[in-house]
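One structure is given below, encoded as structure tokens.
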Amino acid sequence: MASPGPRPLLLALIAALLPGTRSAQISTSVFPQSPIVPRGGSVELNCSTSCAVPNILGLETQLSKVELDSGVNWKLFKLSEVQENSSPICFAACHDVQVSSQATITVYSFPESVELAPLPPWHPVGQSLTLTCRVKGGEPRPNLTAVLRRGQEELSRQPVLGEPAEVTATVLAGRSDHGANFSCATELDLRSQGLGLFQNTSVPRQLRTFVLPMSPPQLSMPGALEVPVVLETGTLQPLDCSLGGLFPALEAQIHLELGGKRLSSTTTYKEDSVSATTIIKVTADQEGPQNLLCVVSLGNQTRQSQKTLTIYSFPGPNLTLSQPEVSEGSLVIVSCEAPSGVWVNLSSAPAQPPSSKAQFPMNASAEDHGRRFFCSAGLEVSGKLLYKNRTVELRVLYGPRLDESDCLGNWTWEEGSHQTLICQTRGNPVPQLSCTRTHDGAPLPIGELRPVKREQAGTYRCRAMSSRGVVVRDVVLTVI
């Protein structure tokens, strides 16, 4: 820092020339007079005196200090590690006069934490909600204010008192508060000290409000007229459950249970209602009376409805192949059978009167590999026909195929053009295919797009091989 300039020296000279005015004219000063420093920071203070040549000039403080520079009647000090408010004293002795002046250092710090206390997971519409803001740290407290907000709306502004401090505000929860973010902010106003307005904001917390009527949900089974409801195992029964008067309907959870197990269902939301629909598919192990339950949950409350459902069995058809995997040309018996009283319909079987058994023989060919056979069984109960179906797949083992349709015997390509040689083989198991030139064993790239070269011309022998045999085919490649 530069010396204070000629003014103090001029004043000292005038004082020396005017007897009786010396002690009145001698003084000390500190610059800056009222600094504000962040906690743990440092500040430079200039201690000066109007005495032209002081006997003593210094700065008294408990803080760590270092003298940075000095002149005849001034000294510049650096004070470090300022942790709390302090009042350093600048003192001087000029002949028999002692004078001093005091600076006021104010320490500021931002709050260590600003937290809005957790909100309840759900809060009923129409009930009061207390918001609590917790503030730890922050100085100077007279400049520190806590603000509670809903979104950007200011709900309450209060001074921060105590350590740690708690600031509260109460609001009446409404539908419009659902999904609203509440937060707490602190404002450290140091604008009067030339610094600014510093804000710390808590992590926002979202409030969820709800309305759930006391009435139970409506559970219905379209088409099921009996009470209690009777269903066959294996049948499909639509089921619907709904509840209105909800807020917010999109936040409601609804599920269906049969015999204590949840059912997969489709949920539909409307403005103030929720519904679940599904198709019950019951099995033989559910025979007997079962409890059918619909539960709607919203907030921390639930509503439910229930019915009793009686289930009985209807065994499905038994569809079999005499051999699921056979060699080409083998005889296969396709058979479908069901319990007495149940009629079956077997695909590809000759037409016959309704019966509980159907079958037919066939000679397996390569074209039958992967063929699926279908059998449907029907049962009439109280004028309603119920069905169960079965499918089975035949696997046929056959040797390699390398026909003209799979691999052309003659290829004529123009030199320099880009071509892909396509040569495919069939068989089960899948054969391995390789093609080599007959006179030198050079491989023929199959399935790759490549530029055609004249030296690639020639006759190639393609060999398809599997555990069920080998087939060979010659391929002639002509390059023009």
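Every chain in the structure tokens takes a letter, A first, then B, and so on in the order presented; its residues are numbered from 1, and the ligands are numbered from 1 following the presented order.
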
(request) Write out as a ChimeraX atom specification each polymer residue whose atoms come within 9 Å of range 179-183 of chain A, counting only C-alpha atoms; drop sequence neighbours fewer than 5 positions from it. (result) /A:115-116,131,133,147-152,201-209

For the residues in the current selection, export C-alpha atoms as a PDB file, in the first residue's frame.
```pdb
ATOM      1  CA  GLU A 115     -32.628 -27.993   5.559  1.00  0.00           C
ATOM      2  CA  LEU A 116     -36.362 -28.289   5.269  1.00  0.00           C
ATOM      3  CA  LEU A 131     -43.117 -26.654   7.650  1.00  0.00           C
ATOM      4  CA  CYS A 133     -36.669 -25.002   8.438  1.00  0.00           C
ATOM      5  CA  VAL A 147     -37.608 -17.679   4.112  1.00  0.00           C
ATOM      6  CA  LEU A 148     -40.048 -20.568   3.651  1.00  0.00           C
ATOM      7  CA  ARG A 149     -41.374 -20.967   0.107  1.00  0.00           C
ATOM      8  CA  ARG A 150     -43.889 -22.958  -1.886  1.00  0.00           C
ATOM      9  CA  GLY A 151     -42.309 -22.953  -5.315  1.00  0.00           C
ATOM     10  CA  GLN A 152     -41.419 -19.291  -5.769  1.00  0.00           C
ATOM     11  CA  THR A 201     -31.456 -22.713  -0.445  1.00  0.00           C
ATOM     12  CA  SER A 202     -32.313 -26.124   0.920  1.00  0.00           C
ATOM     13  CA  VAL A 203     -32.999 -29.132  -1.243  1.00  0.00           C
ATOM     14  CA  PRO A 204     -36.679 -28.812  -2.182  1.00  0.00           C
ATOM     15  CA  ARG A 205     -39.145 -31.346  -0.837  1.00  0.00           C
ATOM     16  CA  GLN A 206     -42.225 -32.312  -2.769  1.00  0.00           C
ATOM     17  CA  LEU A 207     -45.602 -32.591  -1.081  1.00  0.00           C
ATOM     18  CA  ARG A 208     -48.229 -35.090  -2.210  1.00  0.00           C
ATOM     19  CA  THR A 209     -51.821 -34.490  -1.150  1.00  0.00           C
TER      20      THR A 209
END
```

(request) Can you pull out every residue within 9 Å of range 351-361 of chain A, counting only C-alpha atoms, but drop anything in the same chain fewer than 2 positions away, and send it as a PyMOL selection string? (result) chain A and resi 317+331-346+348-349+363+377

List every residue of range 403-433 of chain A that has an atom at most 7 Å from any atom of range 449-467 of chain A, giving for each one its closest atom pair and the distance in Å to one decimal, counting only C-alpha atoms, sorted by chain and then by ascending residue number, as JSON lines.
```
{"residue": "A:Glu414", "atom": "CA", "partner": "A:Val452", "partner_atom": "CA", "distance": 7.0}
{"residue": "A:Glu415", "atom": "CA", "partner": "A:Val452", "partner_atom": "CA", "distance": 5.1}
{"residue": "A:Gly416", "atom": "CA", "partner": "A:Val452", "partner_atom": "CA", "distance": 5.0}
{"residue": "A:Ser417", "atom": "CA", "partner": "A:Pro451", "partner_atom": "CA", "distance": 5.4}
{"residue": "A:His418", "atom": "CA", "partner": "A:Pro451", "partner_atom": "CA", "distance": 4.2}
{"residue": "A:Gln419", "atom": "CA", "partner": "A:Leu449", "partner_atom": "CA", "distance": 5.4}
{"residue": "A:Thr420", "atom": "CA", "partner": "A:Leu449", "partner_atom": "CA", "distance": 4.5}
{"residue": "A:Thr425", "atom": "CA", "partner": "A:Ala464", "partner_atom": "CA", "distance": 6.6}
{"residue": "A:Pro429", "atom": "CA", "partner": "A:Ser466", "partner_atom": "CA", "distance": 6.7}
{"residue": "A:Val430", "atom": "CA", "partner": "A:Ser466", "partner_atom": "CA", "distance": 6.9}
{"residue": "A:Pro431", "atom": "CA", "partner": "A:Ser466", "partner_atom": "CA", "distance": 4.6}
{"residue": "A:Gln432", "atom": "CA", "partner": "A:Met465", "partner_atom": "CA", "distance": 5.3}
{"residue": "A:Leu433", "atom": "CA", "partner": "A:Ala464", "partner_atom": "CA", "distance": 4.5}
```

(request) Identify all residues of range 125-240 of chain A in strand (DSSP E or B) (DSSP on the backbone) and supply them as a PyMOL selection string. (result) chain A and resi 128-136+139+144-150+153-159+165-172+181-189+197-201+205-206+209-211+218-220+229-232+236-240

Would you save the residues from that selection as a CSV table (one decimal), in the first residue's frame, using C-alpha atoms?
```
chain,number,residue,atom,x,y,z
A,128,SER,CA,-52.8,-28.3,8.3
A,129,LEU,CA,-49.2,-29.0,7.5
A,130,THR,CA,-46.3,-27.5,9.5
A,131,LEU,CA,-43.1,-26.7,7.6
A,132,THR,CA,-39.9,-26.6,9.7
A,133,CYS,CA,-36.7,-25.0,8.4
A,134,ARG,CA,-33.5,-25.9,10.3
A,135,VAL,CA,-30.5,-23.6,10.0
A,136,LYS,CA,-27.0,-24.3,11.3
A,139,GLU,CA,-23.0,-14.9,10.8
A,144,LEU,CA,-29.5,-13.5,8.5
A,145,THR,CA,-33.1,-14.2,7.6
A,146,ALA,CA,-34.9,-17.5,6.8
A,147,VAL,CA,-37.6,-17.7,4.1
A,148,LEU,CA,-40.0,-20.6,3.7
A,149,ARG,CA,-41.4,-21.0,0.1
A,150,ARG,CA,-43.9,-23.0,-1.9
A,153,GLU,CA,-44.2,-18.1,-3.4
A,154,GLU,CA,-42.9,-16.7,-0.1
A,155,LEU,CA,-44.9,-18.2,2.8
A,156,SER,CA,-42.9,-16.8,5.8
A,157,ARG,CA,-39.9,-14.6,6.4
A,158,GLN,CA,-38.4,-14.7,9.9
A,159,PRO,CA,-35.1,-13.8,11.6
A,165,ALA,CA,-32.2,-22.4,14.6
A,166,GLU,CA,-35.7,-23.7,13.7
A,167,VAL,CA,-38.2,-21.5,11.8
A,168,THR,CA,-41.7,-22.8,11.2
A,169,ALA,CA,-44.8,-22.0,9.2
A,170,THR,CA,-48.2,-23.7,8.9
A,171,VAL,CA,-50.2,-24.1,5.7
A,172,LEU,CA,-53.5,-25.7,4.9
A,181,ASN,CA,-42.0,-28.1,-4.0
A,182,PHE,CA,-41.4,-26.6,-0.6
A,183,SER,CA,-38.1,-25.2,0.3
A,184,CYS,CA,-36.3,-23.1,2.9
A,185,ALA,CA,-33.8,-20.3,2.0
A,186,THR,CA,-31.5,-18.1,4.0
A,187,GLU,CA,-30.5,-14.6,3.1
A,188,LEU,CA,-27.3,-13.1,4.4
A,189,ASP,CA,-27.7,-9.4,3.6
A,197,LEU,CA,-27.1,-10.5,-0.7
A,198,PHE,CA,-26.1,-14.1,-0.3
A,199,GLN,CA,-28.7,-16.8,-0.5
A,200,ASN,CA,-28.5,-20.5,0.5
A,201,THR,CA,-31.5,-22.7,-0.4
A,205,ARG,CA,-39.1,-31.3,-0.8
A,206,GLN,CA,-42.2,-32.3,-2.8
A,209,THR,CA,-51.8,-34.5,-1.2
A,210,PHE,CA,-54.7,-36.9,-1.7
A,211,VAL,CA,-58.5,-37.5,-1.4
A,218,GLN,CA,-66.9,-51.7,-7.5
A,219,LEU,CA,-65.9,-55.2,-8.5
A,220,SER,CA,-67.7,-56.9,-11.4
A,229,VAL,CA,-69.4,-67.2,-9.5
A,230,VAL,CA,-68.4,-70.6,-11.1
A,231,LEU,CA,-65.5,-70.9,-13.6
A,232,GLU,CA,-63.8,-73.7,-15.4
A,236,LEU,CA,-60.9,-66.8,-19.6
A,237,GLN,CA,-63.1,-64.5,-17.5
A,238,PRO,CA,-63.1,-60.7,-17.8
A,239,LEU,CA,-62.8,-58.9,-14.5
A,240,ASP,CA,-63.3,-55.2,-13.8
```

(message) Among range 32-221 of chain A, which ones does DSSP assign to helix (DSSP H, G or I) (computed from the backbone)? Answer as a ChimeraX atom specification.
(response) /A:141-143,175-177,191-193

(message) Which residues are near Ser192 in chain A? Cut-off 12 Å, only C-alpha atoms, ignore same chain within fewer than 2 positions. Put them as a list in words.
(response) Ser34, Pro35, Ile36, Asn143, Leu188, Asp189, Leu190, Gly194, Leu195, Gly196 and Leu197 of chain A
